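> Take a look at the following structure, please.
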Amino acid sequence: MRLVLQEFLSLDGVSQGPGAPDEDTSDGFTQGGWFVPHLDEAFERLAGTWLEQADAFLFGRRTYLNFARDWPKMTEHPSAAILNGLPKYVASHSLTKADWNPTTILSGDVPAQVAELKRQPGRELQIHGSARLGQALLAAGLIDELRLAIAPVVVGTGRRLFPDGGAPAGLRLLSNETTLAGLTILVYESTGLPEYGTYGADT
């Protein structure tokens, strides 16, 4: 399976709490819900197309708990059958049980376990949100593709997908588009370490 990271970002790179004011208030974050005003039918159709390519999902603990709380109740939503029915994996050193079935808890050497999951047959193992997990797996060279939906808003504070001191990574643009509501959708393929050069030098 290919490992795909799907992330909602603000223009200044914040990934924390895009969906609701109380989604993630850790570290005193009070700006939650900044992504919602920019949703439109075009993006929802695209997100549904992405979701249909999944054969399993991978979450960090916080995102998993939010999804596990909400999605079993949303049975009428078009995405509910996929999210509730497919295998789910949650990377956590603190969870001892996971009731959103079928779920497997990954602890210990998470990158090694994810690498083993990638060797299994299938299409996509998708990470939704879970920025810290995404950072760690990108640093480990395990992310195959990034799908970034960037909202036209500067949040100013909050946890970022690409923080200072993060591991460098090379990317190749596969596609880009903009919705009428102002979202910029960028899809990248991971290419390993970045390439470097000197401006104006002969090539």
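For the structure tokens, the naming scheme is as follows: chains receive sequential letters (A, B, ...) according to their order of presentation, residues are indexed from 1 within each chain, and ligands are indexed from 1 in presentation order.
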What's around segment 60-70 of chain A at 9 Å? Count only C-alpha atoms, leave out sequence neighbours fewer than 4 positions away in its own chain, and write the answer as an NGL selection string.
:A and (23-24 or 74 or 83-84 or 89-95 or 98-100 or 127-134)
> With C-alpha atoms kept, could you save the residues just selected as a PDB file, in the first residue's frame?

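What ended up in again_12.pdb:
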```pdb
ATOM      1  CA  GLU A  23     -11.583  20.146  18.113  1.00  0.00           C
ATOM      2  CA  ASP A  24      -8.103  20.566  19.585  1.00  0.00           C
ATOM      3  CA  MET A  74     -22.751   9.951  11.354  1.00  0.00           C
ATOM      4  CA  LEU A  83     -14.485   5.331   7.532  1.00  0.00           C
ATOM      5  CA  ASN A  84     -16.442   3.069   9.847  1.00  0.00           C
ATOM      6  CA  TYR A  89      -4.577   1.747  12.872  1.00  0.00           C
ATOM      7  CA  VAL A  90      -3.764   4.175  15.668  1.00  0.00           C
ATOM      8  CA  ALA A  91      -0.210   4.998  16.724  1.00  0.00           C
ATOM      9  CA  SER A  92      -0.197   5.426  20.492  1.00  0.00           C
ATOM     10  CA  HIS A  93       1.915   4.537  23.498  1.00  0.00           C
ATOM     11  CA  SER A  94      -0.914   5.319  25.931  1.00  0.00           C
ATOM     12  CA  LEU A  95      -4.085   3.768  24.485  1.00  0.00           C
ATOM     13  CA  ALA A  98      -9.736   1.113  20.806  1.00  0.00           C
ATOM     14  CA  ASP A  99     -13.471   0.597  20.406  1.00  0.00           C
ATOM     15  CA  TRP A 100     -13.947   1.980  16.887  1.00  0.00           C
ATOM     16  CA  ILE A 127      -3.396   9.515   7.283  1.00  0.00           C
ATOM     17  CA  HIS A 128      -6.029  12.186   7.932  1.00  0.00           C
ATOM     18  CA  GLY A 129      -4.746  15.046  10.067  1.00  0.00           C
ATOM     19  CA  SER A 130      -2.439  13.593  12.742  1.00  0.00           C
ATOM     20  CA  ALA A 131       0.278  16.137  11.946  1.00  0.00           C
ATOM     21  CA  ARG A 132       2.815  14.877  14.490  1.00  0.00           C
ATOM     22  CA  LEU A 133       2.520  11.340  13.165  1.00  0.00           C
ATOM     23  CA  GLY A 134       2.786  12.667   9.618  1.00  0.00           C
TER      24      GLY A 134
END
```
> Skipping near chain neighbours, those fewer than 6 positions away, what residues fall within 6 Å of Arg160 of chain A using only C-alpha atoms, listed as a list in words?
Gly13, Val14 and Ser15 of chain A
> Can you list, as a list in words, every protein, DNA or RNA residue that comes within 10 Å of Leu142 of chain A when you count only C-alpha atoms, leaving out same-chain residues fewer than 4 positions away?
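The residues that qualify are Arg2, Leu3, Val4, Pro111, Ala112, Val114, Ala115, Lys118, Gly134, Ala136, Leu137, Leu138, Ser190 and Gly192 of chain A.
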> Grab the residues selected above and save them as a tab-separated table (two decimals), in the first residue's frame with N, CA, C and O atoms.

```
chain	number	residue	atom	x	y	z
A	2	ARG	N	0.37	2.29	-0.64
A	2	ARG	CA	1.03	3.58	-0.61
A	2	ARG	C	0.55	4.34	0.62
A	2	ARG	O	-0.63	4.28	0.97
A	3	LEU	N	1.47	5.06	1.27
A	3	LEU	CA	1.12	5.84	2.46
A	3	LEU	C	0.89	7.29	2.03
A	3	LEU	O	1.79	7.95	1.50
A	4	VAL	N	-0.33	7.78	2.25
A	4	VAL	CA	-0.74	9.11	1.80
A	4	VAL	C	-1.13	9.95	3.01
A	4	VAL	O	-1.96	9.53	3.82
A	111	PRO	N	7.32	3.49	13.17
A	111	PRO	CA	7.76	3.50	11.78
A	111	PRO	C	7.99	2.11	11.20
A	111	PRO	O	7.63	1.84	10.05
A	112	ALA	N	8.55	1.21	11.99
A	112	ALA	CA	8.78	-0.15	11.50
A	112	ALA	C	7.46	-0.87	11.25
A	112	ALA	O	7.31	-1.60	10.25
A	114	VAL	N	4.60	0.61	10.51
A	114	VAL	CA	3.98	1.23	9.34
A	114	VAL	C	4.65	0.73	8.06
A	114	VAL	O	3.98	0.47	7.06
A	115	ALA	N	5.97	0.57	8.10
A	115	ALA	CA	6.67	0.03	6.93
A	115	ALA	C	6.15	-1.37	6.60
A	115	ALA	O	6.00	-1.73	5.42
A	118	LYS	N	2.81	-1.08	4.87
A	118	LYS	CA	2.97	-0.67	3.48
A	118	LYS	C	3.31	-1.84	2.56
A	118	LYS	O	3.05	-1.78	1.35
A	134	GLY	N	2.35	12.40	10.98
A	134	GLY	CA	2.79	12.67	9.62
A	134	GLY	C	4.21	13.18	9.56
A	134	GLY	O	5.00	12.76	8.70
A	136	ALA	N	6.65	12.59	11.70
A	136	ALA	CA	7.57	11.50	12.03
A	136	ALA	C	7.74	10.53	10.86
A	136	ALA	O	8.86	10.09	10.56
A	137	LEU	N	6.64	10.23	10.17
A	137	LEU	CA	6.72	9.28	9.07
A	137	LEU	C	7.33	9.91	7.83
A	137	LEU	O	7.99	9.22	7.04
A	138	LEU	N	7.15	11.22	7.64
A	138	LEU	CA	7.84	11.91	6.56
A	138	LEU	C	9.34	11.91	6.81
A	138	LEU	O	10.14	11.64	5.89
A	190	SER	N	6.55	12.34	-2.72
A	190	SER	CA	7.82	12.42	-2.00
A	190	SER	C	8.95	11.94	-2.89
A	190	SER	O	8.82	10.94	-3.59
A	192	GLY	N	12.39	11.94	-1.59
A	192	GLY	CA	13.58	11.76	-0.76
A	192	GLY	C	14.09	13.09	-0.25
A	192	GLY	O	13.32	14.01	0.03
```
> With distances taken over only C-alpha atoms, which residue among A:Pro72, A:Pro18, A:Gly32, A:Pro102 lies nearest Phe57 of chain A?
A:Pro102
> Quick one: distance from atom CA of Glu195 of chain A to atom CA of Ala167 of chain A in Å, one decimal?
13.8 Å
> Got a sec to tell me which of segment 68-188 of chain A DSSP assigns to alpha helix (DSSP H), as a short mmCIF file (atom, residue, chain, number, x, y, z; two decimals) with N, CA, C and O atoms, in the first residue's frame?

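Once everything was written out, this is result-v8.cif:
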```cif
data_model
loop_
_atom_site.label_atom_id
_atom_site.label_comp_id
_atom_site.auth_asym_id
_atom_site.auth_seq_id
_atom_site.Cartn_x
_atom_site.Cartn_y
_atom_site.Cartn_z
N ALA A 68 -13.21 8.61 16.26
CA ALA A 68 -13.94 7.50 16.89
C ALA A 68 -15.15 7.99 17.67
O ALA A 68 -16.15 7.27 17.81
N ARG A 69 -15.09 9.21 18.15
CA ARG A 69 -16.23 9.80 18.87
C ARG A 69 -17.35 10.18 17.90
O ARG A 69 -18.53 10.01 18.20
N ASP A 70 -16.98 10.71 16.74
CA ASP A 70 -17.97 11.34 15.85
C ASP A 70 -18.49 10.43 14.74
O ASP A 70 -19.71 10.42 14.48
N ALA A 80 -19.38 7.76 5.69
CA ALA A 80 -19.44 7.00 6.94
C ALA A 80 -19.12 5.52 6.73
O ALA A 80 -18.40 4.92 7.52
N ALA A 81 -19.66 4.92 5.68
CA ALA A 81 -19.45 3.49 5.48
C ALA A 81 -17.98 3.17 5.28
O ALA A 81 -17.48 2.14 5.78
N ILE A 82 -17.27 4.04 4.56
CA ILE A 82 -15.85 3.80 4.33
C ILE A 82 -15.05 3.95 5.63
O ILE A 82 -14.27 3.09 6.01
N LEU A 83 -15.25 5.08 6.32
CA LEU A 83 -14.49 5.33 7.53
C LEU A 83 -14.81 4.34 8.64
O LEU A 83 -13.92 3.91 9.37
N ASN A 84 -16.07 3.99 8.78
CA ASN A 84 -16.44 3.07 9.85
C ASN A 84 -16.10 1.62 9.52
O ASN A 84 -15.85 0.82 10.42
N GLY A 85 -16.08 1.27 8.23
CA GLY A 85 -15.92 -0.12 7.86
C GLY A 85 -14.51 -0.60 7.61
O GLY A 85 -14.19 -1.76 7.87
N VAL A 110 6.83 2.46 15.87
CA VAL A 110 5.73 2.74 14.95
C VAL A 110 6.21 2.80 13.50
O VAL A 110 5.58 2.22 12.61
N PRO A 111 7.32 3.49 13.17
CA PRO A 111 7.76 3.50 11.78
C PRO A 111 7.99 2.11 11.20
O PRO A 111 7.63 1.84 10.05
N ALA A 112 8.55 1.21 11.99
CA ALA A 112 8.78 -0.15 11.50
C ALA A 112 7.46 -0.87 11.25
O ALA A 112 7.31 -1.60 10.25
N GLN A 113 6.48 -0.65 12.11
CA GLN A 113 5.18 -1.27 11.92
C GLN A 113 4.45 -0.69 10.71
O GLN A 113 3.77 -1.41 9.97
N VAL A 114 4.60 0.61 10.51
CA VAL A 114 3.98 1.23 9.34
C VAL A 114 4.65 0.73 8.06
O VAL A 114 3.98 0.47 7.06
N ALA A 115 5.97 0.57 8.10
CA ALA A 115 6.67 0.03 6.93
C ALA A 115 6.15 -1.37 6.60
O ALA A 115 6.00 -1.73 5.42
N GLU A 116 5.85 -2.15 7.62
CA GLU A 116 5.30 -3.49 7.39
C GLU A 116 3.89 -3.40 6.80
O GLU A 116 3.54 -4.17 5.89
N LEU A 117 3.09 -2.46 7.27
CA LEU A 117 1.75 -2.28 6.70
C LEU A 117 1.84 -1.91 5.22
O LEU A 117 1.03 -2.36 4.40
N LYS A 118 2.81 -1.08 4.87
CA LYS A 118 2.97 -0.67 3.48
C LYS A 118 3.31 -1.84 2.56
O LYS A 118 3.05 -1.78 1.35
N ALA A 131 -0.92 15.47 12.47
CA ALA A 131 0.28 16.14 11.95
C ALA A 131 1.57 15.61 12.57
O ALA A 131 2.57 15.43 11.86
N ARG A 132 1.58 15.35 13.86
CA ARG A 132 2.81 14.88 14.49
C ARG A 132 3.21 13.51 13.95
O ARG A 132 4.39 13.25 13.68
N LEU A 133 2.24 12.64 13.76
CA LEU A 133 2.52 11.34 13.16
C LEU A 133 3.02 11.52 11.73
O LEU A 133 3.98 10.87 11.31
N GLY A 134 2.35 12.40 10.98
CA GLY A 134 2.79 12.67 9.62
C GLY A 134 4.21 13.18 9.56
O GLY A 134 5.00 12.76 8.70
N GLN A 135 4.58 14.09 10.48
CA GLN A 135 5.95 14.60 10.54
C GLN A 135 6.95 13.47 10.75
O GLN A 135 7.98 13.39 10.07
N ALA A 136 6.65 12.59 11.70
CA ALA A 136 7.57 11.50 12.03
C ALA A 136 7.74 10.53 10.86
O ALA A 136 8.86 10.09 10.56
N LEU A 137 6.64 10.23 10.17
CA LEU A 137 6.72 9.28 9.07
C LEU A 137 7.33 9.91 7.83
O LEU A 137 7.99 9.22 7.04
N LEU A 138 7.15 11.22 7.64
CA LEU A 138 7.84 11.91 6.56
C LEU A 138 9.34 11.91 6.81
O LEU A 138 10.14 11.64 5.89
N ALA A 139 9.75 12.16 8.05
CA ALA A 139 11.17 12.13 8.41
C ALA A 139 11.77 10.75 8.22
O ALA A 139 12.95 10.61 7.90
#
```
> Do a neighbour search on Gly182 of chain A at 10 Å with only C-alpha atoms, toss out local chain neighbours closer than 2 positions, and write the hits as a list in words.
Pro37, His38, Leu39, Asp40, Ile150, Ala151, Pro152, Val153, Glu177, Thr178, Thr179, Leu180, Thr184 and Ile185 of chain A
> Could you check which of A:Thr191, A:Leu5, A:Leu148, A:Arg159 is closest to Arg172 of chain A, using only C-alpha atoms?
A:Thr191
> Nearest residue to Ala42 of chain A out of A:Ala20, A:Leu9, A:Leu183, A:Leu193, using only C-alpha atoms?
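Residue with the minimum atom-to-atom distance to Ala42 of chain A: A:Leu183.
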> Quote the spacing between atom CA of Ala54 of chain A and atom CA of Leu171 of chain A in Å to one decimal place.
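Atom-to-atom, atom CA of Ala54 of chain A and atom CA of Leu171 of chain A are spaced 21.6 Å apart.
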> Quick check, in Å to one decimal: how far apart do atom CA of Leu58 of chain A and atom CA of Gly170 of chain A lie?
22.5 Å
> Enumerate the residues of segment 32-132 of chain A with a DSSP assignment of strand (DSSP E), computed from the backbone, and present them as a ChimeraX atom specification.
/A:54-60,88-91,103-106,124-128
> May I have the residues from that selection written out with all heavy atoms, as a short mmCIF file (atom, residue, chain, number, x, y, z; two decimals), in the first residue's frame?

```cif
data_model
loop_
_atom_site.label_atom_id
_atom_site.label_comp_id
_atom_site.auth_asym_id
_atom_site.auth_seq_id
_atom_site.Cartn_x
_atom_site.Cartn_y
_atom_site.Cartn_z
N ALA A 54 -8.92 4.65 -0.43
CA ALA A 54 -8.34 4.08 0.79
C ALA A 54 -8.69 2.61 0.96
O ALA A 54 -9.81 2.18 0.65
CB ALA A 54 -8.83 4.86 2.01
N ASP A 55 -7.74 1.85 1.45
CA ASP A 55 -7.99 0.49 1.90
C ASP A 55 -7.79 0.36 3.41
O ASP A 55 -8.12 -0.68 4.00
CB ASP A 55 -7.08 -0.51 1.18
CG ASP A 55 -7.60 -0.85 -0.21
OD1 ASP A 55 -8.83 -0.83 -0.40
OD2 ASP A 55 -6.79 -1.12 -1.11
N ALA A 56 -7.22 1.40 4.04
CA ALA A 56 -7.04 1.42 5.49
C ALA A 56 -6.67 2.84 5.90
O ALA A 56 -6.27 3.67 5.06
CB ALA A 56 -5.95 0.44 5.93
N PHE A 57 -6.82 3.11 7.20
CA PHE A 57 -6.52 4.44 7.73
C PHE A 57 -5.53 4.34 8.89
O PHE A 57 -5.54 3.36 9.65
CB PHE A 57 -7.80 5.13 8.22
CG PHE A 57 -8.81 5.33 7.14
CD1 PHE A 57 -9.90 4.48 7.03
CD2 PHE A 57 -8.68 6.35 6.22
CE1 PHE A 57 -10.84 4.65 6.02
CE2 PHE A 57 -9.60 6.53 5.21
CZ PHE A 57 -10.69 5.68 5.11
N LEU A 58 -4.70 5.37 9.01
CA LEU A 58 -3.72 5.45 10.09
C LEU A 58 -3.88 6.79 10.78
O LEU A 58 -3.94 7.83 10.13
CB LEU A 58 -2.30 5.31 9.50
CG LEU A 58 -1.12 5.51 10.45
CD1 LEU A 58 -1.12 4.44 11.54
CD2 LEU A 58 0.19 5.45 9.65
N PHE A 59 -3.96 6.76 12.12
CA PHE A 59 -4.20 7.97 12.90
C PHE A 59 -3.19 8.09 14.03
O PHE A 59 -2.69 7.09 14.56
CB PHE A 59 -5.59 7.94 13.55
CG PHE A 59 -6.74 7.86 12.59
CD1 PHE A 59 -7.33 6.65 12.29
CD2 PHE A 59 -7.25 9.01 12.01
CE1 PHE A 59 -8.40 6.56 11.42
CE2 PHE A 59 -8.32 8.95 11.14
CZ PHE A 59 -8.91 7.72 10.85
N GLY A 60 -2.95 9.33 14.45
CA GLY A 60 -2.37 9.57 15.76
C GLY A 60 -3.47 9.48 16.81
O GLY A 60 -4.66 9.47 16.50
N LYS A 88 -8.54 0.24 10.62
CA LYS A 88 -7.95 1.47 11.15
C LYS A 88 -6.78 1.11 12.06
O LYS A 88 -6.85 0.12 12.80
CB LYS A 88 -9.01 2.28 11.91
CG LYS A 88 -10.09 2.85 10.99
CD LYS A 88 -11.31 3.33 11.75
CE LYS A 88 -12.24 2.19 12.14
NZ LYS A 88 -13.02 1.66 11.01
N TYR A 89 -5.75 1.92 12.02
CA TYR A 89 -4.58 1.75 12.87
C TYR A 89 -4.34 3.06 13.60
O TYR A 89 -4.44 4.14 13.01
CB TYR A 89 -3.35 1.37 12.04
CG TYR A 89 -3.53 0.09 11.26
CD1 TYR A 89 -4.08 0.12 9.98
CD2 TYR A 89 -3.19 -1.13 11.81
CE1 TYR A 89 -4.28 -1.06 9.27
CE2 TYR A 89 -3.38 -2.32 11.11
CZ TYR A 89 -3.93 -2.27 9.84
OH TYR A 89 -4.13 -3.44 9.14
N VAL A 90 -4.03 2.97 14.89
CA VAL A 90 -3.76 4.17 15.67
C VAL A 90 -2.41 4.02 16.34
O VAL A 90 -2.13 3.02 17.00
CB VAL A 90 -4.88 4.45 16.71
CG1 VAL A 90 -5.16 3.24 17.59
CG2 VAL A 90 -4.54 5.66 17.56
N ALA A 91 -1.54 5.00 16.12
CA ALA A 91 -0.21 5.00 16.72
C ALA A 91 -0.30 5.65 18.09
O ALA A 91 -0.61 6.85 18.19
CB ALA A 91 0.77 5.75 15.83
N THR A 103 -10.07 -1.70 14.67
CA THR A 103 -8.91 -0.86 14.95
C THR A 103 -7.81 -1.71 15.58
O THR A 103 -8.08 -2.54 16.45
CB THR A 103 -9.26 0.28 15.92
OG1 THR A 103 -10.16 1.18 15.28
CG2 THR A 103 -8.01 1.06 16.31
N THR A 104 -6.57 -1.45 15.15
CA THR A 104 -5.38 -2.06 15.74
C THR A 104 -4.51 -0.94 16.31
O THR A 104 -4.26 0.06 15.62
CB THR A 104 -4.58 -2.84 14.69
OG1 THR A 104 -5.41 -3.87 14.14
CG2 THR A 104 -3.34 -3.48 15.30
N ILE A 105 -4.05 -1.10 17.54
CA ILE A 105 -3.16 -0.12 18.17
C ILE A 105 -1.72 -0.45 17.82
O ILE A 105 -1.27 -1.60 17.98
CB ILE A 105 -3.35 -0.11 19.69
CG1 ILE A 105 -4.79 0.31 20.05
CG2 ILE A 105 -2.35 0.84 20.35
CD1 ILE A 105 -5.10 0.21 21.53
N LEU A 106 -0.99 0.54 17.32
CA LEU A 106 0.44 0.40 17.05
C LEU A 106 1.23 1.11 18.14
O LEU A 106 1.03 2.30 18.37
CB LEU A 106 0.80 1.01 15.69
CG LEU A 106 0.01 0.54 14.47
CD1 LEU A 106 0.53 1.26 13.22
CD2 LEU A 106 0.12 -0.97 14.29
N GLU A 124 -4.26 2.44 -0.85
CA GLU A 124 -3.72 3.51 -0.02
C GLU A 124 -3.99 3.27 1.45
O GLU A 124 -5.09 2.89 1.86
CB GLU A 124 -4.35 4.86 -0.41
CG GLU A 124 -3.94 5.34 -1.79
CD GLU A 124 -4.51 6.70 -2.14
OE1 GLU A 124 -5.24 7.29 -1.30
OE2 GLU A 124 -4.22 7.18 -3.24
N LEU A 125 -2.97 3.51 2.26
CA LEU A 125 -3.08 3.65 3.70
C LEU A 125 -3.06 5.15 3.96
O LEU A 125 -2.04 5.81 3.73
CB LEU A 125 -1.91 2.96 4.40
CG LEU A 125 -1.78 3.13 5.91
CD1 LEU A 125 -3.00 2.59 6.64
CD2 LEU A 125 -0.50 2.47 6.42
N GLN A 126 -4.19 5.72 4.36
CA GLN A 126 -4.34 7.18 4.45
C GLN A 126 -4.22 7.68 5.88
O GLN A 126 -4.83 7.12 6.80
CB GLN A 126 -5.68 7.61 3.87
CG GLN A 126 -5.82 7.39 2.38
CD GLN A 126 -7.13 7.92 1.82
OE1 GLN A 126 -7.99 8.40 2.58
NE2 GLN A 126 -7.30 7.84 0.51
N ILE A 127 -3.46 8.77 6.03
CA ILE A 127 -3.40 9.51 7.28
C ILE A 127 -4.23 10.77 7.10
O ILE A 127 -3.99 11.56 6.18
CB ILE A 127 -1.96 9.91 7.64
CG1 ILE A 127 -1.05 8.69 7.70
CG2 ILE A 127 -1.92 10.67 8.96
CD1 ILE A 127 0.42 9.05 7.86
N HIS A 128 -5.21 10.98 7.96
CA HIS A 128 -6.03 12.19 7.93
C HIS A 128 -5.68 13.03 9.15
O HIS A 128 -5.89 12.59 10.29
CB HIS A 128 -7.51 11.82 7.94
CG HIS A 128 -7.98 11.22 6.66
ND1 HIS A 128 -9.01 11.75 5.90
CD2 HIS A 128 -7.56 10.13 5.97
CE1 HIS A 128 -9.20 11.01 4.82
NE2 HIS A 128 -8.33 10.02 4.84
#
```
> Restricting the calculation to only C-alpha atoms: of A:Pro87, A:Leu146, A:Asp22, A:Met1, which residue gets closest to Leu161 of chain A?
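Under the stated criterion, the closest residue is A:Leu146.
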